[in-house]
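Engineer: Below you will find the structure I want to go over with you.
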Amino acid sequence: MGDMFPASALVLILISLSSLCFAFDVTYDNRAIKIDGERKLIISGSIHYPRSTPQMWPSLIKNAKAGGLNAIETYVMTSLEGLTWLGSSKTFNAKIFMPFFGLVHIGFPVWLKSLPGIELRTNNDVYKNEMRTFTTLIVNMLKKHRLFASQGGPVILAQIENEYGNVEWAYGDAGRKYVEWCKDTALGYKLDIPWIMCQQDNAPSPMISACNGWYCDQWNPKSNSTPKIWTENWTGWFKDWGNPDPHRPAEDLAFSVARFFQLGGSLQNYYMYHGGTNFGETAGGPYITTSYDYDAPLDEFGNLNQPKWGHLKDLHLVLRSMEKILLYGDRVDHNHDQWGAKSVTVYSYRGQRACFFSNSDATQVFTVDFEGVTYHIPPWTTTILEDCYKEVYSTSKVNAQTSTMIMTDPEPEGEDEYGSEEAAPLEWQWTTESVMNVDHYGLLSGTHLVSKQLLDQKIATNGTSDHLWVLTSIDINKTDPVWGKGKINLQVKTEGHKAVKDKFLKDGKNYLSFLSSTVGLQNYGDHFDNGKNGILGPIKLIAKTTTGDVEKDISSSQWIYKTGLQGVQLGFQSGNSPHARWQVNRRPSNKELVWYKTTFPTPLGTDPVVVDLRGLGKGAAWVNGNHIGRYWPAVISPEDKCSIECRYAQTYKAQTCYTNCGKPTQRWYHIPRDFLRDDRENDLVLFEELGGTPELVRFKTVTIGSVCLHAYNHQKVFSDIKFASFGLPEGGCSHFRKTRCHAPRTQQIIEDACLGQKSCTFDVSQDTFGVLEECESQDYRLAVEAVCSLCFAFDVTYDNRAIKIDGERKLIISGSIHYPRSTPQMWPSLIKNAKAGGLNAIETYVMTSLEGLTWLGSSKTFNVKIFMPFFGLGHIGFPVWLKSLPGIELRTNNDVYKNEMRTFTTLIVNMLKKHRLFASQGGPVILAQIENEYGNVEWAYGDAGWKYVEWCKDTALGYKLDIPWIMCQQDNAPSPMISACNGWYCDQWNPKSNSTPKIWTENWTGWFKDWGSPDPHRPAEDLAFSVARFFQLGGSLQNYYMYHGGTNFGETAGGPYITTSYDYDAPLDEFGNLNQPKWGHLKELHLVLRSMEKILLYGDRVDHNHDQWGTRSVTIPLRFSLLILRELNTTFLLGPLRFSKVNAQTSIMIKADPEPEGEDDYGSEEAAPLEWQWTTESVLNVDHKGLLSGSHLVSKQLLDQKIATNGTSDHLWVLTSMNIDKTVPAWGEGKIFLQVKTEGHNYGDHFDNGKVGILGPIKLVARTSSGDVVKDISASQWIYKPGLQGVQLGFHSGNSRHARWQVNRRPSNKELVWYKTTFPTPLGTDPVVVDLQGLGKGAAWVNGFHIGRYHIPRDFLRDDGENDLVLFEELGGTPELVKFKTVTVGSVCLHAYNHQKVTLSCQGGRVFSDIKFASFGLPEGGCSHFRTTRCHAPKTRQIIEDACLGQKSCTFDVSQDTFGVLEDCKSQDYRLAVEAVC
């Protein structure tokens, strides 16, 4: 309490987004902060965790990220609570820092001032010792949690001191020495990240100076080796008690940001991005309010402050899209007046440009002719042009909606359809605060402070409370000069306080009691800590007489100081203190020093909750014992400070735009929902200092009252109609309600007219909405509440070179990730690793199973951002049961089939439309495919096949999605459909049409695995070669099939005989781990290709073939094959990238025993053996009449298993009965065999006609001495029953009451047996698998989830108890060898070539524990069998061990400079080989 934060902040930190837990190399140059050598454009925002609550943090981070931030700045507070929050793993698990770059400040507390000999913020040993102690504590805490970038954490910048340059002059030479000491202290921590000193132009090297203020575009660092950084861009201002609310217009704030980046800025931080609440007694100032809203983009409660949030978001996205150009490009400024107020800045980089047209004149329009086009820039505006041609942003054109937030009555539980039940009035109790007095000896019991002089209140309280009792007693008798001369007044001189004083004096001993209450402490300025607070004197008795005043100074009396309120010490604020004597009757009015208490229910919903304290004077409030802050509604802001219009076109100051004049400075006080109870009433306790009444106190929720939109270029559409009623609706915006007089079709009519549109118009009449027969009125009206969403719709087209988005050709590198082959818990990691691997697209299948539709259609799916970060490609397929429809023939010009295909395709298209996922709706889906590889089989269908292709085209185009459609492997694809290639290599393939681009929709990264076959692998070198060749020869879109293969859960694997694992040797393995070196090798290729996008898609191409087949070639302006060059120069070549040389590490994944909870320091406890139960699957049989009870199918011929099961199960019982008697030939002469012929099929033309299962003939064959005697029983009556009885009875759930599980006499190698066991959830986050060695063939379930056979996603496991594994064994086997394992990196290998910078990394937070092999020179062999040769640098191993052991990752240059000169051997091909254990 009473912390003087943010004065003298000690440490500032910046955090980097990392897709993996690798250490960052954070440096800087004169242009920007650099992460791993790459300049970064950083847009950050201040969010102070103690000014919000843990429940709010995820939403704040989410909205900050959605607003285009890639950084967060926060203070590290000095209170114990602050340290607890910062240090807890919970904080970091909540990802307070993780998704973003972050900045962290550290301050100091009030109690420092009480240390003997201390002088703050100067070269004072006492102060410096305390500052070092605290800073070390924080640094060590961050180190412990491995949060610094050099440890693989997110913290990439640190600041020591804050704005000291503004006051350094006041400390003279001691101030300069203090600055040097700060530098030495910071660097002494050896954090390997840069340090900042903001507002410190003389910051000693290597400290970085930074700017704070309303505008920093004209500021530049004094050092020419440091970047231009803005650590505090003030989004508004704090609010003082007694003043109106300050606001900063969104246009001006955006203008300041755009100007800063126009003129060379690279890092900008908003102070504040979310201001929040000064809970408790934390507000400084003095006189800063409890609300610290700051007019920030996220308001005090975490809501979007529109239009500020949205307007800035649009700017952030534009700036970040230009990162390379701004940070690496050449900049040329063209000033159009002598002051630089009207200017054009052009950035150019590798053929790309960006332009800023800026006008900082507050009144005049800036008209400029630029490259043949005339532009008119309004006053106080910066306009940004992509490619210096297309306007993409203007700071004065606000396209974001304006939301007006209102305080509404909470929705009561008793609300009905036509009105709402009034909230019950609050019932108040009260008690008084005891007034402290000394006894007749002038003494006080308990802990207190005694002084013969008046003390500074900071010293007396040590910062532990706002309140301080100041007590004394004085003797007055009739001989005293002041006695009997008239009325005696008590005169008290104070600083920064309010006082309560006795009014009358009597003959004899008088007791004086003052309650001094501070309202925050001074927290800025030179020597600010020396400012005194409280009752400082003189204190005088003044007798007013006819001859003049008679004074008596009592300042030198004995003063007793007692800190705090007795009510607080006794726990009144909790609401349930046994010491509080709460009363109900005779509640006082406007009485000082009174405690009030009431209870209230938790408001329904999730809207923020506030309490209206109108009618009270000044005091403090608690909810359920949580101090929600100081209140002071009695203080009113001036009437005359607010203007009608807030004009943005002017230099902003805190007083520029005021609102809330003539009203209480703060009436509403935030009650975070963390503080409220779900299971019972809440307690509100108030301490009223000055007098007031609680009768007007009300609880409200904060919601959007109205939404206004003033959009430019029609960039918004209606996305939802929240309410619509024509008739006599009641209420207002956000709380409309229907009455009985309501046209029921209103909502549907409005939705049809408005959804997806930028505007909609209709006549408000019964002709439009329907006749209202049940009510008569001349005042019918229409009430609508609609939601508008930004719709940056993509215009997706194509030409002969590439897919085009908004007219610009795009090089697209995509990967197949099929959502049903993973689980929702895996999706974020898969997307993250795909993006980190250089992909900018994802392809997925839309599955026809109900589960697939549920996953695809649920908003949860899209919130997880399965599509959102990327462009997406969608395929549509069909299910097994189609084959059972009469008259159907699949994949041809068959009406039954086409009707079903249209029905399903329409369902999917409408689902995607509903969620606005197509690019034309502002969504991510930019391409769609209808049919798949039909060109491979079309020949088999003849003319009907071609008609079917035409029908597919017409059907697809009929949806009018405004995106291109693909037909892969369809060379005769009718226009405008795009043909595409599938296969191992597509470099030699070209589309038949000269108007469509060269697209590769399936580059097979490996192959599926068949039961009975070895694992197929495709080398990383060959895969990279195929991709490089494709783009060399004109390709523009390539998709990996698969990028993550995953698992065929349940019975989804096709084939036949495709395994449960669909790993596919993909860059992300079955479990989502990086498949190294494939992932890393391809990542390098992707980054190179994407950096050359413009050249590849717009450049002229010349091929030089060096043999007759074109297998040896050079393509200019880029050289491909096994060598890619970034630039081709007439005299030398720069930057060779050889894709036959793999510099990515190789990770060897192992199946490890899960870490048991009982592990100790010296070893691990063995996992307990599994305890098995078992039961049998009932063998179905017909009865003696050849019949079977229950649903089944009867046939006089053997049926295709697909038809019999309709695709509902792998298993089908095929039953019959037959009579055999002694007259049958061969009876009793020899052994009789049953001969059964079966079939299986999956792919090719007419593949659906391939039959599966027991198709016959079925024969009895008797082997006799005279030969075989055969009886064909195929024409018997056959009964078909799909599925297992155990599945129907729920055996697989593990808890079916129908299963009679046994423990004893477990069978061995018996067919058709169910087994069950339990197992704990393995610790950690590594993927979990079950080893089913020893079993034969069957299926497995975990907690009722059909895992297919092996992979157990952690989504399927329980956190709070044992898990059930259930097995169905078909062929016979034993479960004794079954074990549970986790998949982890066993060791990693690196084979890197000379003059490369390489990184070796572990996964999953592990560190390197051993270096098994290391050699620089000419090592031989491969991973796990490397060997040294005579050409070997002997210090290699030691260097690698020093760099890597105990680290999550380590980076080094592969060169003789690093590992030593190799004098015994000469080669141009030195390389480094390492094998390390994680």
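Chain labels follow the order of the structure tokens: the first chain is A, the next B, and so on; residue numbering restarts at 1 in every chain, and ligands are counted from 1 in their shown order.
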Please identify all polymer residues within 12 Å of A:Thr606, counting only C-alpha atoms, omitting same-chain residues fewer than 4 positions from it, and present them as number ranges by chain.
Structural biologist: A: 55-56, 59, 301-303, 410-411, 602, 672-674, 676, 701-703
Engineer: Limited to all heavy atoms, could you put the picked residues into a file as a compact mmCIF listing (two decimals), in the first residue's frame?
Structural biologist:
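Written file, selection.txt:
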# COMPACT_ATOMS: atom_id res chain seq x y z
N GLN A 55 -8.55 -13.46 -13.35
CA GLN A 55 -9.63 -13.86 -14.24
C GLN A 55 -9.69 -12.99 -15.48
O GLN A 55 -10.14 -13.42 -16.54
CB GLN A 55 -10.97 -13.80 -13.50
CG GLN A 55 -12.13 -14.46 -14.25
CD GLN A 55 -13.43 -14.36 -13.49
OE1 GLN A 55 -14.01 -13.28 -13.37
NE2 GLN A 55 -13.89 -15.46 -12.95
N MET A 56 -9.20 -11.76 -15.37
CA MET A 56 -9.24 -10.84 -16.50
C MET A 56 -8.06 -11.03 -17.44
O MET A 56 -8.14 -10.65 -18.63
CB MET A 56 -9.23 -9.38 -16.00
CG MET A 56 -10.44 -8.98 -15.18
SD MET A 56 -10.23 -7.34 -14.43
CE MET A 56 -10.17 -6.27 -15.87
N SER A 59 -8.37 -12.62 -21.10
CA SER A 59 -9.12 -11.78 -22.02
C SER A 59 -8.32 -10.54 -22.43
O SER A 59 -8.33 -10.13 -23.59
CB SER A 59 -10.44 -11.37 -21.37
OG SER A 59 -11.13 -10.46 -22.20
N PHE A 301 -12.40 -1.94 -17.50
CA PHE A 301 -12.99 -3.25 -17.24
C PHE A 301 -12.51 -4.31 -18.24
O PHE A 301 -12.90 -5.47 -18.15
CB PHE A 301 -14.51 -3.14 -17.29
CG PHE A 301 -15.02 -1.92 -16.57
CD1 PHE A 301 -15.54 -0.83 -17.28
CD2 PHE A 301 -14.95 -1.83 -15.19
CE1 PHE A 301 -15.97 0.30 -16.63
CE2 PHE A 301 -15.39 -0.69 -14.53
CZ PHE A 301 -15.91 0.37 -15.24
N GLY A 302 -11.69 -3.91 -19.22
CA GLY A 302 -11.20 -4.84 -20.23
C GLY A 302 -11.99 -4.85 -21.50
O GLY A 302 -11.68 -5.59 -22.44
N ASN A 303 -13.07 -4.03 -21.58
CA ASN A 303 -13.84 -3.92 -22.82
C ASN A 303 -13.04 -3.17 -23.88
O ASN A 303 -12.16 -2.37 -23.57
CB ASN A 303 -15.15 -3.16 -22.58
CG ASN A 303 -16.05 -3.85 -21.58
OD1 ASN A 303 -16.32 -5.04 -21.69
ND2 ASN A 303 -16.54 -3.10 -20.60
N PRO A 410 -28.36 -5.15 -13.41
CA PRO A 410 -28.10 -6.58 -13.67
C PRO A 410 -29.40 -7.30 -13.99
O PRO A 410 -30.46 -6.97 -13.44
CB PRO A 410 -27.49 -7.08 -12.37
CG PRO A 410 -27.03 -5.87 -11.65
CD PRO A 410 -27.94 -4.76 -12.06
N GLU A 411 -29.31 -8.29 -14.87
CA GLU A 411 -30.50 -9.07 -15.22
C GLU A 411 -30.91 -9.94 -14.03
O GLU A 411 -30.14 -10.80 -13.60
CB GLU A 411 -30.21 -9.96 -16.43
CG GLU A 411 -31.40 -10.78 -16.87
CD GLU A 411 -31.04 -11.71 -18.01
OE1 GLU A 411 -29.95 -11.54 -18.59
OE2 GLU A 411 -31.84 -12.61 -18.30
N THR A 602 -24.63 -12.07 -6.95
CA THR A 602 -23.74 -11.93 -8.11
C THR A 602 -24.58 -11.73 -9.37
O THR A 602 -25.44 -12.57 -9.67
CB THR A 602 -22.85 -13.16 -8.27
OG1 THR A 602 -22.03 -13.28 -7.10
CG2 THR A 602 -21.97 -13.06 -9.51
N PRO A 672 -14.29 -6.62 -9.74
CA PRO A 672 -13.95 -7.74 -10.62
C PRO A 672 -14.73 -9.00 -10.26
O PRO A 672 -15.01 -9.25 -9.08
CB PRO A 672 -12.44 -7.94 -10.38
CG PRO A 672 -11.98 -6.63 -9.83
CD PRO A 672 -13.13 -6.09 -9.03
N ARG A 673 -15.09 -9.77 -11.25
CA ARG A 673 -15.85 -10.99 -10.98
C ARG A 673 -15.04 -12.00 -10.19
O ARG A 673 -15.61 -12.90 -9.57
CB ARG A 673 -16.38 -11.59 -12.29
CG ARG A 673 -17.58 -10.80 -12.83
CD ARG A 673 -18.28 -11.49 -13.99
NE ARG A 673 -19.46 -10.75 -14.41
CZ ARG A 673 -20.69 -10.99 -13.99
NH1 ARG A 673 -20.89 -11.96 -13.11
NH2 ARG A 673 -21.72 -10.29 -14.43
N ASP A 674 -13.70 -11.89 -10.20
CA ASP A 674 -12.88 -12.73 -9.31
C ASP A 674 -13.29 -12.56 -7.86
O ASP A 674 -13.14 -13.47 -7.05
CB ASP A 674 -11.39 -12.33 -9.39
CG ASP A 674 -10.78 -12.50 -10.74
OD1 ASP A 674 -11.45 -12.15 -11.73
OD2 ASP A 674 -9.63 -12.94 -10.82
N LEU A 676 -16.25 -11.96 -6.63
CA LEU A 676 -17.63 -12.32 -6.32
C LEU A 676 -17.78 -13.82 -6.07
O LEU A 676 -16.98 -14.63 -6.52
CB LEU A 676 -18.55 -11.89 -7.47
CG LEU A 676 -18.56 -10.39 -7.76
CD1 LEU A 676 -19.45 -10.07 -8.94
CD2 LEU A 676 -19.02 -9.60 -6.53
N THR A 701 -24.12 -3.52 -14.26
CA THR A 701 -23.18 -4.20 -15.16
C THR A 701 -22.86 -3.27 -16.32
O THR A 701 -23.69 -2.43 -16.70
CB THR A 701 -23.74 -5.53 -15.69
OG1 THR A 701 -25.00 -5.29 -16.32
CG2 THR A 701 -23.91 -6.52 -14.56
N VAL A 702 -21.67 -3.41 -16.86
CA VAL A 702 -21.19 -2.52 -17.93
C VAL A 702 -21.38 -3.23 -19.26
O VAL A 702 -20.88 -4.36 -19.45
CB VAL A 702 -19.69 -2.19 -17.73
CG1 VAL A 702 -19.24 -1.19 -18.79
CG2 VAL A 702 -19.45 -1.64 -16.34
N THR A 703 -22.09 -2.62 -20.16
CA THR A 703 -22.36 -3.24 -21.45
C THR A 703 -22.41 -2.17 -22.52
O THR A 703 -22.39 -0.97 -22.24
CB THR A 703 -23.68 -4.03 -21.40
OG1 THR A 703 -23.82 -4.80 -22.60
CG2 THR A 703 -24.87 -3.11 -21.26
Engineer: I'd like the contact shell of stretch 585-595 of chain A - 6 Å cut-off, only C-alpha atoms, skipping same-chain residues fewer than 4 positions apart - returned as a list in words.
Structural biologist: Trp430, Thr431, Thr432, Glu433, Leu686, Phe687, Glu688, Glu689, Leu690, Gly691, Gly692 and Thr693 of chain A
Engineer: Quick one: write out the picked residues with all heavy atoms as a tab-separated table (two decimals), in the first residue's frame?
Structural biologist:
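Written file, out.tsv:
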chain	number	residue	atom	x	y	z
A	430	TRP	N	-24.98	-1.02	10.10
A	430	TRP	CA	-23.98	0.01	10.33
A	430	TRP	C	-23.35	-0.14	11.70
A	430	TRP	O	-23.89	-0.77	12.61
A	430	TRP	CB	-24.59	1.40	10.18
A	430	TRP	CG	-25.60	1.74	11.26
A	430	TRP	CD1	-26.90	1.34	11.31
A	430	TRP	CD2	-25.35	2.50	12.44
A	430	TRP	NE1	-27.50	1.81	12.45
A	430	TRP	CE2	-26.58	2.53	13.15
A	430	TRP	CE3	-24.24	3.18	12.95
A	430	TRP	CZ2	-26.70	3.20	14.36
A	430	TRP	CZ3	-24.36	3.85	14.15
A	430	TRP	CH2	-25.57	3.86	14.85
A	431	THR	N	-22.19	0.42	11.85
A	431	THR	CA	-21.51	0.56	13.13
A	431	THR	C	-20.55	1.73	13.00
A	431	THR	O	-20.34	2.25	11.90
A	431	THR	CB	-20.79	-0.73	13.54
A	431	THR	OG1	-20.34	-0.62	14.89
A	431	THR	CG2	-19.57	-1.00	12.66
A	432	THR	N	-19.97	2.16	14.10
A	432	THR	CA	-19.11	3.35	14.06
A	432	THR	C	-17.65	2.97	14.23
A	432	THR	O	-17.32	1.92	14.79
A	432	THR	CB	-19.50	4.35	15.17
A	432	THR	OG1	-19.42	3.68	16.43
A	432	THR	CG2	-20.89	4.88	14.94
A	433	GLU	N	-16.78	3.83	13.70
A	433	GLU	CA	-15.34	3.73	13.94
A	433	GLU	C	-15.04	4.43	15.26
A	433	GLU	O	-15.45	5.58	15.48
A	433	GLU	CB	-14.56	4.40	12.81
A	433	GLU	CG	-13.06	4.52	13.04
A	433	GLU	CD	-12.32	3.19	13.01
A	433	GLU	OE1	-12.93	2.20	12.53
A	433	GLU	OE2	-11.17	3.14	13.47
A	686	LEU	N	-18.50	-0.53	3.49
A	686	LEU	CA	-18.03	0.82	3.21
A	686	LEU	C	-17.54	1.47	4.50
A	686	LEU	O	-18.17	1.30	5.55
A	686	LEU	CB	-19.16	1.68	2.63
A	686	LEU	CG	-19.91	1.13	1.41
A	686	LEU	CD1	-21.11	2.00	1.10
A	686	LEU	CD2	-18.98	1.05	0.21
A	687	PHE	N	-16.44	2.20	4.41
A	687	PHE	CA	-16.05	3.07	5.52
A	687	PHE	C	-16.20	4.51	5.05
A	687	PHE	O	-15.51	4.95	4.13
A	687	PHE	CB	-14.61	2.82	5.96
A	687	PHE	CG	-14.14	3.82	6.98
A	687	PHE	CD1	-14.76	3.90	8.23
A	687	PHE	CD2	-13.13	4.72	6.69
A	687	PHE	CE1	-14.36	4.85	9.16
A	687	PHE	CE2	-12.71	5.66	7.62
A	687	PHE	CZ	-13.33	5.72	8.86
A	688	GLU	N	-17.14	5.22	5.65
A	688	GLU	CA	-17.45	6.58	5.26
A	688	GLU	C	-16.77	7.55	6.21
A	688	GLU	O	-17.02	7.54	7.42
A	688	GLU	CB	-18.96	6.80	5.28
A	688	GLU	CG	-19.41	8.22	5.03
A	688	GLU	CD	-18.91	8.77	3.70
A	688	GLU	OE1	-19.08	8.08	2.67
A	688	GLU	OE2	-18.34	9.88	3.70
A	689	GLU	N	-15.87	8.39	5.64
A	689	GLU	CA	-15.10	9.32	6.46
A	689	GLU	C	-15.84	10.63	6.73
A	689	GLU	O	-15.88	11.14	7.85
A	689	GLU	CB	-13.78	9.67	5.77
A	689	GLU	CG	-12.85	8.51	5.54
A	689	GLU	CD	-11.59	8.94	4.80
A	689	GLU	OE1	-11.29	10.15	4.78
A	689	GLU	OE2	-10.92	8.08	4.24
A	690	LEU	N	-16.42	11.24	5.68
A	690	LEU	CA	-16.88	12.62	5.76
A	690	LEU	C	-18.36	12.75	6.04
A	690	LEU	O	-18.82	13.85	6.36
A	690	LEU	CB	-16.57	13.35	4.44
A	690	LEU	CG	-15.10	13.38	4.02
A	690	LEU	CD1	-14.94	14.21	2.76
A	690	LEU	CD2	-14.23	13.94	5.15
A	691	GLY	N	-19.11	11.69	5.87
A	691	GLY	CA	-20.56	11.78	6.02
A	691	GLY	C	-21.23	11.63	4.69
A	691	GLY	O	-20.85	12.25	3.70
A	692	GLY	N	-22.26	10.82	4.65
A	692	GLY	CA	-22.99	10.57	3.42
A	692	GLY	C	-24.01	9.49	3.72
A	692	GLY	O	-24.06	8.95	4.83
A	693	THR	N	-24.80	9.13	2.72
A	693	THR	CA	-25.83	8.10	2.92
A	693	THR	C	-25.68	7.03	1.86
A	693	THR	O	-25.42	7.33	0.69
A	693	THR	CB	-27.23	8.71	2.85
A	693	THR	OG1	-28.20	7.65	2.94
A	693	THR	CG2	-27.45	9.47	1.56
Engineer: What residues in stretch 557-641 of chain A get the DSSP label strand (DSSP E)? Please answer as a ChimeraX atom specification.
Structural biologist: /A:559-563,594-600,609-612,619-623,626-631
Engineer: Keeping only N, CA and C atoms, take the residues you just selected and write them out as a short mmCIF file (atom, residue, chain, number, x, y, z; two decimals), in the first residue's frame.
Structural biologist:
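Okay, this is what ended up in out07.cif:
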data_model
loop_
_atom_site.label_atom_id
_atom_site.label_comp_id
_atom_site.auth_asym_id
_atom_site.auth_seq_id
_atom_site.Cartn_x
_atom_site.Cartn_y
_atom_site.Cartn_z
N TRP A 559 2.93 14.37 20.97
CA TRP A 559 1.98 13.84 19.99
C TRP A 559 2.10 12.32 19.94
N ILE A 560 0.96 11.69 19.92
CA ILE A 560 0.91 10.23 19.81
C ILE A 560 0.31 9.88 18.45
N TYR A 561 0.99 8.97 17.73
CA TYR A 561 0.57 8.59 16.37
C TYR A 561 0.13 7.12 16.37
N LYS A 562 -1.04 6.89 15.86
CA LYS A 562 -1.59 5.52 15.75
C LYS A 562 -2.02 5.30 14.31
N THR A 563 -1.38 4.33 13.66
CA THR A 563 -1.62 4.09 12.24
C THR A 563 -2.85 3.20 12.04
N VAL A 594 -18.32 6.26 9.86
CA VAL A 594 -19.32 5.20 10.01
C VAL A 594 -18.99 4.07 9.04
N TRP A 595 -19.16 2.85 9.51
CA TRP A 595 -19.05 1.65 8.67
C TRP A 595 -20.46 1.22 8.26
N TYR A 596 -20.62 0.88 6.95
CA TYR A 596 -21.90 0.37 6.44
C TYR A 596 -21.65 -1.00 5.80
N LYS A 597 -22.68 -1.86 5.91
CA LYS A 597 -22.56 -3.19 5.32
C LYS A 597 -23.90 -3.60 4.71
N THR A 598 -23.81 -4.25 3.52
CA THR A 598 -24.99 -4.84 2.89
C THR A 598 -24.57 -6.09 2.13
N THR A 599 -25.55 -6.82 1.65
CA THR A 599 -25.27 -7.99 0.81
C THR A 599 -25.98 -7.83 -0.53
N PHE A 600 -25.45 -8.52 -1.54
CA PHE A 600 -26.04 -8.45 -2.88
C PHE A 600 -25.71 -9.73 -3.64
N VAL A 609 -18.85 -5.83 -13.53
CA VAL A 609 -19.75 -5.37 -12.48
C VAL A 609 -19.17 -4.12 -11.84
N VAL A 610 -20.03 -3.12 -11.57
CA VAL A 610 -19.61 -1.90 -10.89
C VAL A 610 -20.63 -1.60 -9.79
N VAL A 611 -20.19 -0.79 -8.83
CA VAL A 611 -21.09 -0.30 -7.80
C VAL A 611 -21.15 1.22 -7.91
N ASP A 612 -22.37 1.74 -7.91
CA ASP A 612 -22.61 3.18 -7.97
C ASP A 612 -22.65 3.69 -6.53
N GLY A 619 -14.32 7.79 1.28
CA GLY A 619 -13.98 6.65 2.12
C GLY A 619 -13.35 5.53 1.34
N ALA A 620 -13.64 4.30 1.77
CA ALA A 620 -13.06 3.11 1.14
C ALA A 620 -14.11 2.02 1.10
N ALA A 621 -13.96 1.09 0.13
CA ALA A 621 -14.97 0.04 -0.06
C ALA A 621 -14.29 -1.32 -0.20
N TRP A 622 -14.98 -2.34 0.32
CA TRP A 622 -14.51 -3.72 0.23
C TRP A 622 -15.65 -4.61 -0.25
N VAL A 623 -15.34 -5.59 -1.07
CA VAL A 623 -16.31 -6.61 -1.48
C VAL A 623 -15.73 -7.97 -1.11
N ASN A 626 -12.19 -7.95 -0.21
CA ASN A 626 -11.26 -7.41 -1.20
C ASN A 626 -11.43 -5.90 -1.30
N HIS A 627 -10.34 -5.18 -1.12
CA HIS A 627 -10.36 -3.71 -1.12
C HIS A 627 -10.46 -3.22 -2.56
N ILE A 628 -11.63 -2.72 -2.95
CA ILE A 628 -11.80 -2.30 -4.35
C ILE A 628 -11.35 -0.87 -4.58
N GLY A 629 -10.89 -0.16 -3.51
CA GLY A 629 -10.28 1.15 -3.70
C GLY A 629 -10.94 2.25 -2.90
N ARG A 630 -10.33 3.43 -3.02
CA ARG A 630 -10.87 4.63 -2.39
C ARG A 630 -12.07 5.14 -3.19
N TYR A 631 -13.04 5.72 -2.49
CA TYR A 631 -14.13 6.41 -3.20
C TYR A 631 -14.23 7.85 -2.69
#
Engineer: Name all residues at most 8 Å from A:Lys228 (count only C-alpha atoms; drop same-chain ones fewer than 6 positions away) and give them as number ranges by chain.
Structural biologist: A: 30-32, 210, 220-221, 264-267
Engineer: Go ahead and write the residues just picked, C-alpha atoms, as a PDB file, in the first residue's frame.
Structural biologist:
ATOM      1  CA  ASN A  30      20.751   1.641 -35.318  1.00  0.00           C
ATOM      2  CA  ARG A  31      17.482   0.526 -36.942  1.00  0.00           C
ATOM      3  CA  ALA A  32      15.790  -1.896 -34.551  1.00  0.00           C
ATOM      4  CA  ALA A 210      14.172   5.948 -25.342  1.00  0.00           C
ATOM      5  CA  ASN A 220      16.028  10.757 -32.201  1.00  0.00           C
ATOM      6  CA  PRO A 221      18.601   9.033 -29.989  1.00  0.00           C
ATOM      7  CA  GLY A 264      12.444   5.733 -38.454  1.00  0.00           C
ATOM      8  CA  GLY A 265      10.856   4.334 -35.287  1.00  0.00           C
ATOM      9  CA  SER A 266      10.963   0.596 -34.690  1.00  0.00           C
ATOM     10  CA  LEU A 267       9.487  -0.006 -31.208  1.00  0.00           C
TER      11      LEU A 267
END
Engineer: Leaving out A:Asn994 and any residue of its chain fewer than 4 positions from it, which residues lie within 12 Å of it when counting only C-alpha atoms, given as a ChimeraX atom specification?
Structural biologist: /A:798-802,971,975-976,978-979,990,998
Engineer: Identify, on the basis of only C-alpha atoms, every residue whose closest approach to A:Thr367 does not exceed 8 Å; exclude the query and any residue fewer than 5 positions from it along the same chain; express the result as a CSV table (one decimal) with N, CA, C and O atoms, in the first residue's frame.
Structural biologist:
chain,number,residue,atom,x,y,z
A,374,THR,N,-2.6,12.8,-57.9
A,374,THR,CA,-2.8,13.9,-56.9
A,374,THR,C,-3.4,13.4,-55.6
A,374,THR,O,-4.5,12.7,-55.7
A,375,TYR,N,-2.9,13.6,-54.5
A,375,TYR,CA,-3.4,13.2,-53.2
A,375,TYR,C,-3.7,14.4,-52.4
A,375,TYR,O,-3.0,15.4,-52.4
A,376,HIS,N,-4.8,14.3,-51.6
A,376,HIS,CA,-5.2,15.4,-50.7
A,376,HIS,C,-5.2,14.8,-49.3
A,376,HIS,O,-6.1,14.0,-48.9
A,377,ILE,N,-4.3,15.3,-48.5
A,377,ILE,CA,-4.1,14.8,-47.1
A,377,ILE,C,-4.7,15.8,-46.2
A,377,ILE,O,-4.3,16.9,-46.1
